[in-house]
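Shown below: start-v1.txt, with compact mmCIF, C-alpha atoms.
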# COMPACT_ATOMS: atom_id res chain seq x y z
CA MET C 979 0.00 0.00 0.00
CA LEU C 980 2.81 2.40 0.85
CA LYS C 981 4.39 1.82 -2.56
CA ASP C 982 1.05 2.47 -4.31
CA ASP C 983 0.48 5.64 -2.29
CA SER C 984 3.97 6.84 -3.11
CA LYS C 985 3.41 6.20 -6.81
CA ARG C 986 0.09 8.07 -6.74
CA ILE C 987 1.70 11.06 -4.99
CA LYS C 988 4.53 11.18 -7.51
CA MET C 989 2.07 10.87 -10.42
CA THR C 990 -0.12 13.64 -8.96
CA ARG C 991 2.88 15.95 -8.54
CA HIS C 992 4.05 15.19 -12.09
CA LEU C 993 0.65 15.95 -13.61
CA THR C 994 0.34 19.12 -11.52
CA TYR C 995 3.74 20.28 -12.75
CA ILE C 996 2.75 19.60 -16.38
CA PHE C 997 -0.54 21.53 -16.07
CA LEU C 998 1.17 24.44 -14.32
CA THR C 999 3.83 24.57 -17.03
CA ILE C 1000 1.22 24.55 -19.80
CA GLY C 1001 -0.74 27.27 -17.99
CA LEU C 1002 2.30 29.49 -17.58
CA ILE C 1003 3.30 29.05 -21.23
CA SER C 1004 -0.24 29.87 -22.37
CA CYS C 1005 -0.34 32.96 -20.18
CA GLY C 1006 3.04 34.05 -21.45
CA LEU C 1007 2.01 33.67 -25.07
CA THR C 1008 -1.21 35.59 -24.43
CA LEU C 1009 0.60 38.42 -22.67
CA ASP C 1010 3.22 38.68 -25.41
CA LYS C 1011 0.54 38.77 -28.09
CA ASN C 1012 -1.56 41.35 -26.27
CA GLU C 1013 1.46 43.54 -25.57
CA LYS C 1014 2.47 43.47 -29.22
CA VAL C 1015 -1.02 44.41 -30.42
CA LYS C 1016 -1.35 47.10 -27.74
CA SER C 1017 1.99 48.71 -28.46
CA GLY C 1018 1.61 48.68 -32.24
CA GLU C 1019 5.14 47.41 -32.75
CA ILE C 1020 6.35 45.96 -36.05
CA GLU C 1021 9.33 43.63 -36.07
CA ILE C 1022 12.00 44.90 -38.47
CA SER C 1023 13.30 42.62 -41.22
CA TRP C 1024 16.98 43.47 -41.63
CA VAL C 1025 18.11 42.80 -45.22
CA ASP C 1026 21.69 42.45 -46.42
CA ASN C 1027 20.97 44.14 -49.75
CA LEU C 1028 17.53 45.71 -50.10
CA THR C 1029 16.56 45.71 -53.78
CA GLY C 1030 13.90 47.69 -55.61
CA ASP C 1031 13.45 50.88 -57.60
CA PHE C 1032 14.79 53.80 -55.56
CA SER C 1033 15.28 56.09 -58.56
CA PHE C 1034 12.91 58.64 -56.97
CA THR C 1035 15.98 59.94 -55.10
CA LYS C 1036 17.07 61.61 -58.37
CA ASN C 1037 13.97 63.84 -58.35
CA TRP C 1038 14.07 67.21 -56.61
CA ASN C 1039 12.08 70.33 -55.80
CA TYR C 1040 12.85 73.84 -54.70
CA PRO C 1041 11.83 74.62 -51.12
CA GLU C 1042 8.12 75.28 -50.73
CA GLY C 1043 7.14 78.72 -51.98
CA VAL C 1044 10.10 79.07 -54.36
CA TYR C 1045 9.20 79.25 -58.05
CA LYS C 1046 10.44 80.66 -61.35
CA ASN C 1047 8.66 83.92 -62.22
CA GLU C 1048 7.80 85.22 -65.68
CA PHE C 1049 11.15 86.99 -65.85
CA GLY C 1050 13.09 83.75 -65.45
CA GLN C 1051 14.08 84.58 -61.88
CA LEU C 1052 13.73 82.28 -58.89
CA SER C 1053 11.32 84.09 -56.62
CA CYS C 1054 9.36 83.30 -53.48
CA ASP C 1055 5.68 83.47 -52.66
CA GLY C 1056 3.96 82.44 -49.44
CA LEU C 1057 6.15 81.65 -46.45
CA CYS C 1058 8.96 84.04 -47.38
CA PRO C 1059 11.12 86.53 -45.50
CA PRO C 1060 9.22 89.86 -45.37
CA GLU C 1061 12.41 91.75 -46.31
CA ILE C 1062 12.20 90.52 -49.91
CA ASP C 1063 9.02 92.45 -50.71
CA ARG C 1064 10.92 95.74 -51.14
CA MET C 1065 13.37 93.98 -53.49
CA LYS C 1066 10.69 93.54 -56.18
CA ASP C 1067 8.95 95.98 -58.46
CA GLU C 1068 5.18 96.23 -58.91
CA ASN C 1069 5.24 93.34 -61.42
CA GLY C 1070 7.12 91.00 -59.12
CA LYS C 1071 10.48 91.33 -60.87
CA ILE C 1072 13.48 91.29 -58.53
CA HIS C 1073 15.60 94.43 -58.90
CA LYS C 1074 18.94 93.65 -60.48
CA ASP C 1075 20.89 95.32 -57.67
CA SER C 1076 18.93 93.26 -55.10
CA LEU C 1077 19.55 89.79 -56.54
CA THR C 1078 22.53 88.96 -54.31
CA ALA C 1079 20.75 90.10 -51.15
CA PHE C 1080 17.55 88.33 -52.23
CA TYR C 1081 19.24 84.93 -52.57
CA LYS C 1082 20.96 85.31 -49.24
CA LEU C 1083 17.50 85.37 -47.69
CA VAL C 1084 15.70 82.85 -49.91
CA ASP C 1085 16.87 79.23 -50.05
CA THR C 1086 16.87 78.06 -53.68
CA THR C 1087 18.81 74.81 -53.26
CA HIS C 1088 17.65 71.62 -54.92
CA GLN C 1089 15.98 69.37 -52.36
CA PHE C 1090 16.21 65.73 -53.47
CA HIS C 1091 13.32 63.44 -52.66
CA SER C 1092 13.83 61.01 -49.79
CA ILE C 1093 10.49 59.15 -49.85
CA GLN C 1094 8.11 57.71 -52.40
CA SER C 1095 4.83 56.56 -50.90
CA ASP C 1096 1.13 55.93 -51.28
CA ALA C 1097 -1.35 56.42 -48.46
CA TRP C 1098 -4.94 56.77 -47.49
CA THR C 1099 -5.34 59.02 -44.49
CA TYR C 1100 -6.96 62.35 -43.78
CA GLU C 1101 -5.76 65.54 -45.49
CA TRP C 1102 -2.99 63.79 -47.41
CA ALA C 1103 -1.98 64.81 -50.94
CA GLY C 1104 1.52 63.37 -51.02
CA THR C 1105 4.93 64.11 -49.56
CA ASN C 1106 8.47 63.89 -50.93
CA PHE C 1107 10.65 64.42 -47.88
CA VAL C 1108 11.46 62.75 -44.57
CA THR C 1109 13.75 63.62 -41.70
CA VAL C 1110 15.52 60.79 -39.88
CA THR C 1111 17.21 61.61 -36.57
CA LYS C 1112 19.20 59.35 -34.26
CA LYS C 1113 18.23 60.24 -30.70
CA ASN C 1114 20.57 57.84 -28.95
CA ALA C 1115 22.37 54.52 -29.48
CA ASP C 1116 19.10 52.56 -29.53
CA THR C 1117 16.46 54.98 -30.83
CA THR C 1118 15.95 56.64 -34.23
CA ILE C 1119 12.90 58.71 -35.24
CA CYS C 1120 11.64 59.25 -38.78
CA TYR C 1121 8.88 61.67 -39.83
CA THR C 1122 7.51 62.83 -43.18
CA HIS C 1123 7.14 66.53 -43.99
CA ASN C 1124 3.79 68.23 -44.28
CA ASN C 1125 3.08 70.91 -46.89
CA VAL C 1126 0.29 73.22 -48.03
CA ALA C 1127 -1.95 70.31 -49.09
CA THR C 1128 -0.75 67.53 -46.76
CA HIS C 1129 -1.40 67.74 -43.03
CA SER C 1130 -0.84 64.09 -42.05
CA SER C 1131 2.66 62.95 -41.15
CA LEU C 1132 3.95 59.39 -40.90
CA ILE C 1133 6.08 59.11 -37.77
CA PHE C 1134 7.88 55.98 -36.70
CA THR C 1135 10.35 55.18 -33.99
CA ILE C 1136 12.99 52.51 -34.53
CA THR C 1137 14.25 50.94 -31.32
CA LYS C 1138 16.67 48.05 -31.81
CA ASP C 1139 14.66 45.50 -33.85
CA LYS C 1140 11.26 47.13 -33.42
CA CYS C 1141 9.45 49.86 -35.36
CA ILE C 1142 6.51 51.78 -33.87
CA PRO C 1143 4.58 53.70 -36.59
CA THR C 1144 1.87 56.31 -36.07
CA ILE C 1145 0.10 58.86 -38.26
CA GLU C 1146 -0.27 62.35 -36.80
CA LEU C 1147 -2.95 64.55 -38.32
CA ASN C 1148 -2.61 68.30 -37.80
CA SER C 1149 -5.94 69.21 -39.33
CA VAL C 1150 -6.86 72.64 -40.65
CA THR C 1151 -10.41 71.85 -39.52
CA PRO C 1152 -11.77 71.97 -35.95
CA THR C 1153 -10.62 68.33 -35.64
CA GLY C 1154 -7.21 69.65 -34.61
CA THR C 1155 -4.44 67.15 -33.86
CA LYS C 1156 -5.18 63.45 -33.90
CA THR C 1157 -2.99 60.33 -33.74
CA TYR C 1158 -3.67 57.01 -35.47
CA TYR C 1159 -1.88 53.90 -34.21
CA CYS C 1160 -0.48 51.07 -36.30
CA LYS C 1161 -2.22 47.71 -36.09
CA GLY C 1162 -0.11 45.69 -38.54
CA GLY C 1163 2.29 45.67 -41.44
CA GLN C 1164 5.93 45.15 -42.25
CA ILE C 1165 9.19 47.01 -42.80
CA GLU C 1166 12.47 45.96 -44.41
CA ILE C 1167 15.66 47.92 -43.74
CA ASP C 1168 19.03 47.61 -45.46
CA LYS C 1169 21.37 46.55 -42.65
CA GLY C 1170 24.64 47.58 -44.33
CA LEU C 1171 23.48 51.11 -45.19
CA TRP C 1172 21.96 51.51 -41.73
CA LYS C 1173 25.39 50.99 -40.21
CA LYS C 1174 26.72 53.69 -42.55
CA GLY C 1175 24.11 56.23 -41.42
CA ILE C 1176 21.52 55.80 -44.20
CA LEU C 1177 17.94 54.59 -43.84
CA LYS C 1178 16.95 52.58 -46.90
CA ALA C 1179 13.61 50.96 -46.24
CA ASN C 1180 10.56 49.37 -47.81
CA PHE C 1181 7.43 49.57 -45.64
CA ASP C 1182 3.71 48.81 -45.63
CA PHE C 1183 1.69 49.84 -42.55
CA VAL C 1184 -2.00 49.56 -41.67
CA PHE C 1185 -3.54 51.82 -39.02
CA ASP C 1186 -6.51 51.66 -36.70
CA HIS C 1187 -9.31 53.74 -38.24
CA LYS C 1188 -11.93 54.10 -35.52
CA GLU C 1189 -14.05 56.61 -37.44
CA ASN C 1190 -14.71 54.08 -40.20
CA PRO C 1191 -13.29 50.57 -39.55
CA ASP C 1192 -14.46 49.40 -43.00
CA LYS C 1193 -12.22 51.98 -44.73
CA PRO C 1194 -8.58 50.81 -44.47
CA MET C 1195 -6.07 53.46 -43.40
CA TYR C 1196 -2.62 52.67 -44.73
CA TRP C 1197 0.77 54.10 -45.64
CA LYS C 1198 3.27 52.23 -47.80
CA GLY C 1199 6.35 53.08 -49.80
CA LYS C 1200 10.13 53.43 -49.86
CA ILE C 1201 12.59 55.65 -47.99
CA TYR C 1202 16.18 56.58 -48.72
CA ALA C 1203 17.50 59.23 -46.36
CA ASN C 1204 20.58 60.18 -44.37
CA ILE C 1205 20.34 59.67 -40.62
CA ASP C 1206 21.10 62.85 -38.70
CA ASN C 1207 22.72 62.64 -35.30
CA LYS C 1208 20.96 64.54 -32.53

Could you quickly redo this structure as C-alpha cells?
Amino acid sequence: MLKDDSKRIKMTRHLTYIFLTIGLISCGLTLDKNEKVKSGEIEISWVDNLTGDFSFTKNWNYPEGVYKNEFGQLSCDGLCPPEIDRMKDENGKIHKDSLTAFYKLVDTTHQFHSIQSDAWTYEWAGTNFVTVTKKNADTTICYTHNNVATHSSLIFTITKDKCIPTIELNSVTPTGTKTYYCKGGQIEIDKGLWKKGILKANFDFVFDHKENPDKPMYWKGKIYANIDNK
C-alpha cells in the first residue's frame, strides 16, 4: 500500500507540474501577443541588400514657396522673409541690384526626394521628404514633412529590432491634432546602409481607423535618407 500511495503522490505531482507549465506558457504567449497588439510594434526585417526601384531619389524640388517667375528669376511666394518684398517691383520682378541680397534670404537649393509613398489618411496629398534623426544609441525617429496640401505625417520610432509607426494629423479643420496607431504591417531595412548612417527601407503599414473601420487606413512606400545625429 505504501508503494502504491507513493506512486500516486509522484504521479499527482508530475501531472500538476505539467498543467502548471502549460498554464504558464499559455499565459506568457497571451501576454506577449496582447502587448504586441497594444503597443503597435512591427518587427524589423533586416536585409543584407535591399533591392527595388529607388530612382525617386534623383527627383528634386525647390523649397516650398520658391518658383520661377515670368522673368526667369527664382522668386518666393507664401512663407517668405518679409524683407524681400521691397526687393521687387510692382510686377514681381526682382531688382537687379537686389539679386545677391535676395538669394541670401531665400533658399533656392535643390531638395532631393527622400520618400516615395502611397497612403490613405486624412488631409494627405503626397509628400516627398522625410527627416531621420538618431536620438541615442538605440532609438531613431523618422517623420515625413507636411506641406500646403498635406497635413498628415507618418512618424515611426525605430528601437533596436522594433518599429513603432503612427500617423499624426494636424488638421486645418476643428478636428485639430489626432494620432492614429499602427495595427499591422511590415518594414524591411538595409542593414549595411543603416550601419553607414543611411535609412533605406521598404514599408507597408496599416492603421486603426476608428471613425470608419471598413475603410482601411494605410501608408506604404520606400525611404532613402541620411540619418542625422541629434

Subject >> Counting only C-alpha atoms, the option among C:Asp1186, C:Glu1101, C:Asp1063, C:Glu1048 closest to C:Ser1149 >> reply: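 Between C:Asp1186, C:Glu1101, C:Asp1063, C:Glu1048, the residue approaching C:Ser1149 most closely is C:Glu1101.
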
Original post:
How far is it from atom CA of C:Lys1161 to atom CA of C:Asn1124, in Å with one decimal?
Top reply: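 Going from atom CA of C:Lys1161 over to atom CA of C:Asn1124 covers 22.9 Å.
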
Subject >> For stretch 1187-1198 of chain C: contacts at 7 Å, only C-alpha atoms, fewer than 5 positions along chain excluded, given as a PyMOL selection string >> reply: chain C and resi 1095-1099+1181-1182

Could the residues in this selection be written to a file with C-alpha atoms, as a PDB file, keeping the file's coordinate frame?
ATOM      1  CA  SER C1095       4.830  56.560 -50.900  1.00  0.00           C
ATOM      2  CA  ASP C1096       1.130  55.930 -51.280  1.00  0.00           C
ATOM      3  CA  ALA C1097      -1.350  56.420 -48.460  1.00  0.00           C
ATOM      4  CA  TRP C1098      -4.940  56.770 -47.490  1.00  0.00           C
ATOM      5  CA  THR C1099      -5.340  59.020 -44.490  1.00  0.00           C
ATOM      6  CA  PHE C1181       7.430  49.570 -45.640  1.00  0.00           C
ATOM      7  CA  ASP C1182       3.710  48.810 -45.630  1.00  0.00           C
TER       8      ASP C1182
END

Do you have, as JSON lines, the list of residues of stretch 1129-1182 of chain C lying at most 12 Å from stretch 1105-1111 of chain C, each with its nearest atom pair and that distance in Å to one decimal, counting all atoms listed in the file and ordered by chain then number?
{"residue": "C:His1129", "atom": "CA", "partner": "C:Thr1105", "partner_atom": "CA", "distance": 9.8}
{"residue": "C:Ser1130", "atom": "CA", "partner": "C:Thr1105", "partner_atom": "CA", "distance": 9.5}
{"residue": "C:Ser1131", "atom": "CA", "partner": "C:Thr1105", "partner_atom": "CA", "distance": 8.8}
{"residue": "C:Leu1132", "atom": "CA", "partner": "C:Val1108", "partner_atom": "CA", "distance": 9.0}
{"residue": "C:Ile1133", "atom": "CA", "partner": "C:Val1108", "partner_atom": "CA", "distance": 9.4}
{"residue": "C:Phe1134", "atom": "CA", "partner": "C:Val1110", "partner_atom": "CA", "distance": 9.6}
{"residue": "C:Thr1135", "atom": "CA", "partner": "C:Val1110", "partner_atom": "CA", "distance": 9.6}
{"residue": "C:Ile1136", "atom": "CA", "partner": "C:Val1110", "partner_atom": "CA", "distance": 10.2}
{"residue": "C:Trp1172", "atom": "CA", "partner": "C:Val1110", "partner_atom": "CA", "distance": 11.4}
{"residue": "C:Gly1175", "atom": "CA", "partner": "C:Val1110", "partner_atom": "CA", "distance": 9.8}
{"residue": "C:Ile1176", "atom": "CA", "partner": "C:Val1110", "partner_atom": "CA", "distance": 8.9}
{"residue": "C:Leu1177", "atom": "CA", "partner": "C:Val1110", "partner_atom": "CA", "distance": 7.7}
{"residue": "C:Lys1178", "atom": "CA", "partner": "C:Val1110", "partner_atom": "CA", "distance": 10.9}
{"residue": "C:Ala1179", "atom": "CA", "partner": "C:Val1110", "partner_atom": "CA", "distance": 11.9}

So that I can check the surroundings of C:Thr1035, please list as an mmCIF file with C-alpha atoms, keeping the file's coordinate frame every protein, DNA and RNA residue that reaches within 7 Å of it, counting all atoms listed in the file and ignoring chain neighbours fewer than 5 positions away.
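Writing the result to out18.cif gives the following:
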data_model
loop_
_atom_site.group_PDB
_atom_site.id
_atom_site.type_symbol
_atom_site.label_atom_id
_atom_site.label_comp_id
_atom_site.auth_asym_id
_atom_site.auth_seq_id
_atom_site.Cartn_x
_atom_site.Cartn_y
_atom_site.Cartn_z
ATOM 1 C CA PHE C 1090 16.210 65.730 -53.470
ATOM 2 C CA HIS C 1091 13.320 63.440 -52.660
ATOM 3 C CA SER C 1092 13.830 61.010 -49.790
#

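For the set C:Gln1094, C:Gln1051, C:Gln1164, C:Thr1122, the residue with the smallest atom-to-atom gap to C:Lys1200 is C:Gln1094, counting only C-alpha atoms.
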
Original post:
Interatomic distance between atom CA of C:Phe1185 and atom CA of C:Thr1153?
Top reply: 18.3 Å

Original post:
In Å, how far is it from atom CA of C:Tyr1121 to atom CA of C:Leu1083?
Top reply: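 Taking atom CA of C:Tyr1121 as the start and atom CA of C:Leu1083 as the end point, the length is 26.4 Å.
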
Subject >> Minimum-distance residue to C:Asn1114, chosen among C:Asp1206, C:Cys1058, C:Ile1201, C:Gly1030 (using only C-alpha atoms) >> reply: C:Asp1206

Subject >> Point (21.0, 69.6, -52.2) neighbourhood (12 Å, only C-alpha atoms) written as number ranges by chain >> reply: C: 1035-1041, 1085-1092

Taking every listed atom of stretch 1149-1161 of chain C and adding 6 Å to each side, what centre and edge lengths in Å (one decimal) does the axis-aligned box have, as AutoDock Vina command-line options?
--center_x -6.1 --center_y 60.2 --center_z -37.2 --size_x 23.3 --size_y 36.9 --size_z 18.9

**OP:** Measuring atom to atom with all atoms listed in the file, identify which of C:Glu1146, C:Glu1021, C:Asp1168, C:Glu1061 is nearest to C:Phe1080.
**Re:** C:Glu1061

**OP:** Select, from C:Met1065, C:Val1025, C:Ile1020, C:Ile1205, the residue with the minimum atom-to-atom distance to C:Ile1167, counting only C-alpha atoms.
**Re:** C:Val1025

Subject >> Non-local contacts of C:Gly1043 (9 Å; only C-alpha atoms; under 6 positions in same chain excluded) as a list in words >> reply: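 Everything that qualifies: Ser1053, Cys1054, Asp1055, Gly1056, Leu1057 and Cys1058 of chain C.
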
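Among C:Asp1139, C:Glu1019, C:Asp1026, C:Asp1031, the residue with the shortest atom-to-atom distance to C:Gly1163, counting all atoms listed in the file, is C:Glu1019.
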
Could I get stretch 1028-1063 of chain C from the block written out with C-alpha atoms, as a tab-separated table (two decimals), in the first residue's frame?
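Result file out.tsv:
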chain	number	residue	atom	x	y	z
C	1028	LEU	CA	17.53	45.71	-50.10
C	1029	THR	CA	16.56	45.71	-53.78
C	1030	GLY	CA	13.90	47.69	-55.61
C	1031	ASP	CA	13.45	50.88	-57.60
C	1032	PHE	CA	14.79	53.80	-55.56
C	1033	SER	CA	15.28	56.09	-58.56
C	1034	PHE	CA	12.91	58.64	-56.97
C	1035	THR	CA	15.98	59.94	-55.10
C	1036	LYS	CA	17.07	61.61	-58.37
C	1037	ASN	CA	13.97	63.84	-58.35
C	1038	TRP	CA	14.07	67.21	-56.61
C	1039	ASN	CA	12.08	70.33	-55.80
C	1040	TYR	CA	12.85	73.84	-54.70
C	1041	PRO	CA	11.83	74.62	-51.12
C	1042	GLU	CA	8.12	75.28	-50.73
C	1043	GLY	CA	7.14	78.72	-51.98
C	1044	VAL	CA	10.10	79.07	-54.36
C	1045	TYR	CA	9.20	79.25	-58.05
C	1046	LYS	CA	10.44	80.66	-61.35
C	1047	ASN	CA	8.66	83.92	-62.22
C	1048	GLU	CA	7.80	85.22	-65.68
C	1049	PHE	CA	11.15	86.99	-65.85
C	1050	GLY	CA	13.09	83.75	-65.45
C	1051	GLN	CA	14.08	84.58	-61.88
C	1052	LEU	CA	13.73	82.28	-58.89
C	1053	SER	CA	11.32	84.09	-56.62
C	1054	CYS	CA	9.36	83.30	-53.48
C	1055	ASP	CA	5.68	83.47	-52.66
C	1056	GLY	CA	3.96	82.44	-49.44
C	1057	LEU	CA	6.15	81.65	-46.45
C	1058	CYS	CA	8.96	84.04	-47.38
C	1059	PRO	CA	11.12	86.53	-45.50
C	1060	PRO	CA	9.22	89.86	-45.37
C	1061	GLU	CA	12.41	91.75	-46.31
C	1062	ILE	CA	12.20	90.52	-49.91
C	1063	ASP	CA	9.02	92.45	-50.71
